[in-house]
Amino acid sequence: RQFEKDKAAFFNQCKAQHAVCWLCGMPIDYSAPKNTSDDSFNLDHLYPVSKHPELQFDPAGFKPSHTSCNRLRGNQDHQHQSEHSQDNG
């Protein structure tokens with residue numbers, strides 16, 4: 001399936017670039033199997049799939065994240081998180 005190929009290509013690109021988590025800005029443990037620990041890689045989407053299922057397979061919306069950060073984000077839009085972070089900062 002094209003989606004699986006796109007996901008694998010995105011992971012390999014992120015790993016090669018040592019891309020950090022787009023939510024917290026900290027390094028991702030690319031040596032750990034995906035989605036197995038808090039610091040392991042998790043494919044996140046710019047717009048939550050639950051709110052925008054039509055964008056689920058669009059590689060332009062793929063974002064590198066920690067498994068734990070994506071879980072904490074839930075289905076919030078990233079803009080809301082930015083506003084929330086600014087409130088606490």
# chains A, B, ... in the order shown; residues from 1 in each chain; ligands from 1
>>> residues_around(residues="Asn70 of chain A", least_positions_apart="5", cutoff="8 Å", atoms="only C-alpha atoms", output="VMD selection string")
chain A and resid 23 42 44 65
>>> residues_around(residues="segment 31-34 of chain A", least_positions_apart="2", cutoff="12 Å", atoms="only C-alpha atoms", output="PyMOL selection string")
chain A and resi 7-8+11-12+15-16+18+27-29+36-44+64-68
>>> select_by_dssp(residues="segment 19-59 of chain A", states="strand (DSSP E)", output="NGL selection string")
:A and (41-45)
>>> closest_atom_pairs(of="segment 4-50 of chain A", to="segment 72-78 of chain A", cutoff="7 Å", atoms="only C-alpha atoms", output="tab-separated table")
residue	atom	partner	partner_atom	distance
A:Tyr47	CA	A:Asp77	CA	6.2
A:Pro48	CA	A:Asn75	CA	5.1
A:Ser50	CA	A:Asn75	CA	6.6
>>> closest_residue(among="A:Gln56, A:Lys63, A:Met26, A:Asn35", to="Cys14 of chain A", atoms="only C-alpha atoms")
A:Lys63
>>> atom_distance(atom1="atom CA of Phe3 of chain A", atom2="atom CA of Gly25 of chain A")
25.6 Å
>>> select_by_dssp(residues="chain A", states="alpha helix (DSSP H)", output="tab-separated table (two decimals) with C-alpha atoms, in the first residue's frame")
chain	number	residue	atom	x	y	z
A	2	GLN	CA	1.21	3.50	-0.78
A	3	PHE	CA	0.52	4.71	2.77
A	4	GLU	CA	2.88	2.07	4.21
A	5	LYS	CA	5.59	3.09	1.73
A	6	ASP	CA	5.09	6.77	2.56
A	7	LYS	CA	5.28	6.06	6.30
A	8	ALA	CA	8.48	4.04	5.89
A	9	ALA	CA	10.07	6.72	3.71
A	10	PHE	CA	9.13	9.41	6.24
A	11	PHE	CA	10.62	7.41	9.12
A	12	ASN	CA	13.85	6.83	7.19
A	13	GLN	CA	14.07	10.52	6.30
A	14	CYS	CA	13.50	11.57	9.93
A	15	LYS	CA	16.03	9.04	11.21
A	16	ALA	CA	18.68	10.19	8.71
A	17	GLN	CA	18.13	13.82	9.71
A	67	THR	CA	5.09	8.11	21.29
A	68	SER	CA	4.37	9.79	24.64
A	69	CYS	CA	3.98	13.30	23.17
A	70	ASN	CA	1.53	12.10	20.53
A	71	ARG	CA	-0.45	10.23	23.18
A	72	LEU	CA	-0.57	13.36	25.38
A	73	ARG	CA	-1.60	15.50	22.44
A	78	HIS	CA	-1.48	21.85	17.36
A	79	GLN	CA	-2.48	25.54	17.47
A	80	HIS	CA	-4.33	24.91	20.71
A	81	GLN	CA	-1.25	23.31	22.19
A	82	SER	CA	0.87	26.30	21.21
A	83	GLU	CA	-1.57	28.63	22.93
A	84	HIS	CA	-1.59	26.36	25.97
A	85	SER	CA	2.22	26.26	26.07
A	86	GLN	CA	2.37	30.05	25.91
A	87	ASP	CA	-0.06	30.29	28.82
A	88	ASN	CA	2.26	28.15	30.93
>>> decode(residues="segment 20-33 of chain A", atoms="all heavy atoms", output="compact mmCIF listing (two decimals), in the first residue's frame")
# COMPACT_ATOMS: atom_id res chain seq x y z
N VAL A 20 13.85 15.99 15.43
CA VAL A 20 13.35 16.01 16.80
C VAL A 20 11.83 15.96 16.81
O VAL A 20 11.18 16.17 15.79
CB VAL A 20 13.84 17.28 17.54
CG1 VAL A 20 15.36 17.30 17.63
CG2 VAL A 20 13.32 18.54 16.88
N CYS A 21 11.28 15.71 17.98
CA CYS A 21 9.82 15.68 18.14
C CYS A 21 9.25 17.06 17.83
O CYS A 21 9.70 18.06 18.39
CB CYS A 21 9.49 15.27 19.57
SG CYS A 21 7.72 15.29 19.97
N TRP A 22 8.28 17.12 16.96
CA TRP A 22 7.72 18.42 16.57
C TRP A 22 6.87 19.02 17.67
O TRP A 22 6.56 20.20 17.64
CB TRP A 22 6.94 18.29 15.27
CG TRP A 22 5.53 17.77 15.39
CD1 TRP A 22 5.13 16.51 15.74
CD2 TRP A 22 4.33 18.50 15.13
NE1 TRP A 22 3.76 16.41 15.71
CE2 TRP A 22 3.24 17.63 15.34
CE3 TRP A 22 4.06 19.80 14.74
CZ2 TRP A 22 1.93 18.01 15.18
CZ3 TRP A 22 2.74 20.18 14.58
CH2 TRP A 22 1.69 19.29 14.80
N LEU A 23 6.53 18.23 18.69
CA LEU A 23 5.69 18.73 19.78
C LEU A 23 6.52 19.28 20.94
O LEU A 23 6.16 20.30 21.52
CB LEU A 23 4.76 17.62 20.28
CG LEU A 23 3.73 17.15 19.25
CD1 LEU A 23 3.04 15.88 19.71
CD2 LEU A 23 2.73 18.24 18.95
N CYS A 24 7.63 18.62 21.28
CA CYS A 24 8.42 19.08 22.43
C CYS A 24 9.81 19.57 22.05
O CYS A 24 10.48 20.19 22.87
CB CYS A 24 8.51 17.98 23.49
SG CYS A 24 9.65 16.63 23.08
N GLY A 25 10.27 19.24 20.84
CA GLY A 25 11.58 19.70 20.39
C GLY A 25 12.75 18.88 20.88
O GLY A 25 13.90 19.24 20.63
N MET A 26 12.50 17.77 21.56
CA MET A 26 13.57 16.93 22.09
C MET A 26 13.89 15.79 21.12
O MET A 26 13.06 15.41 20.31
CB MET A 26 13.17 16.37 23.46
CG MET A 26 12.93 17.44 24.52
SD MET A 26 14.38 18.47 24.84
CE MET A 26 15.44 17.28 25.64
N PRO A 27 15.12 15.23 21.23
CA PRO A 27 15.52 14.14 20.33
C PRO A 27 14.62 12.92 20.47
O PRO A 27 14.11 12.62 21.56
CB PRO A 27 16.94 13.80 20.77
CG PRO A 27 17.42 14.99 21.52
CD PRO A 27 16.20 15.61 22.15
N ILE A 28 14.47 12.21 19.37
CA ILE A 28 13.70 10.96 19.32
C ILE A 28 14.69 9.80 19.31
O ILE A 28 15.73 9.87 18.65
CB ILE A 28 12.81 10.93 18.06
CG1 ILE A 28 11.73 12.01 18.16
CG2 ILE A 28 12.18 9.55 17.87
CD1 ILE A 28 10.91 12.20 16.89
N ASP A 29 14.39 8.72 20.02
CA ASP A 29 15.22 7.52 20.04
C ASP A 29 14.87 6.66 18.82
O ASP A 29 13.95 5.85 18.88
CB ASP A 29 15.01 6.75 21.34
CG ASP A 29 15.89 5.51 21.43
OD1 ASP A 29 16.68 5.25 20.48
OD2 ASP A 29 15.78 4.78 22.42
N TYR A 30 15.59 6.87 17.73
CA TYR A 30 15.32 6.13 16.50
C TYR A 30 15.84 4.69 16.56
O TYR A 30 15.51 3.89 15.69
CB TYR A 30 15.90 6.85 15.29
CG TYR A 30 15.14 8.11 14.95
CD1 TYR A 30 15.60 9.36 15.35
CD2 TYR A 30 13.95 8.04 14.24
CE1 TYR A 30 14.88 10.51 15.04
CE2 TYR A 30 13.23 9.18 13.93
CZ TYR A 30 13.70 10.41 14.34
OH TYR A 30 12.98 11.54 14.04
N SER A 31 16.64 4.36 17.57
CA SER A 31 17.13 2.98 17.69
C SER A 31 16.08 2.07 18.33
O SER A 31 16.13 0.86 18.17
CB SER A 31 18.42 2.94 18.51
OG SER A 31 18.17 3.34 19.85
N ALA A 32 15.13 2.65 19.04
CA ALA A 32 14.06 1.86 19.66
C ALA A 32 13.01 1.52 18.60
O ALA A 32 12.73 2.32 17.72
CB ALA A 32 13.42 2.65 20.79
N PRO A 33 12.43 0.33 18.70
CA PRO A 33 11.33 0.01 17.77
C PRO A 33 10.21 1.04 17.90
O PRO A 33 9.92 1.51 19.01
CB PRO A 33 10.87 -1.38 18.24
CG PRO A 33 12.06 -1.95 18.96
CD PRO A 33 12.75 -0.77 19.60
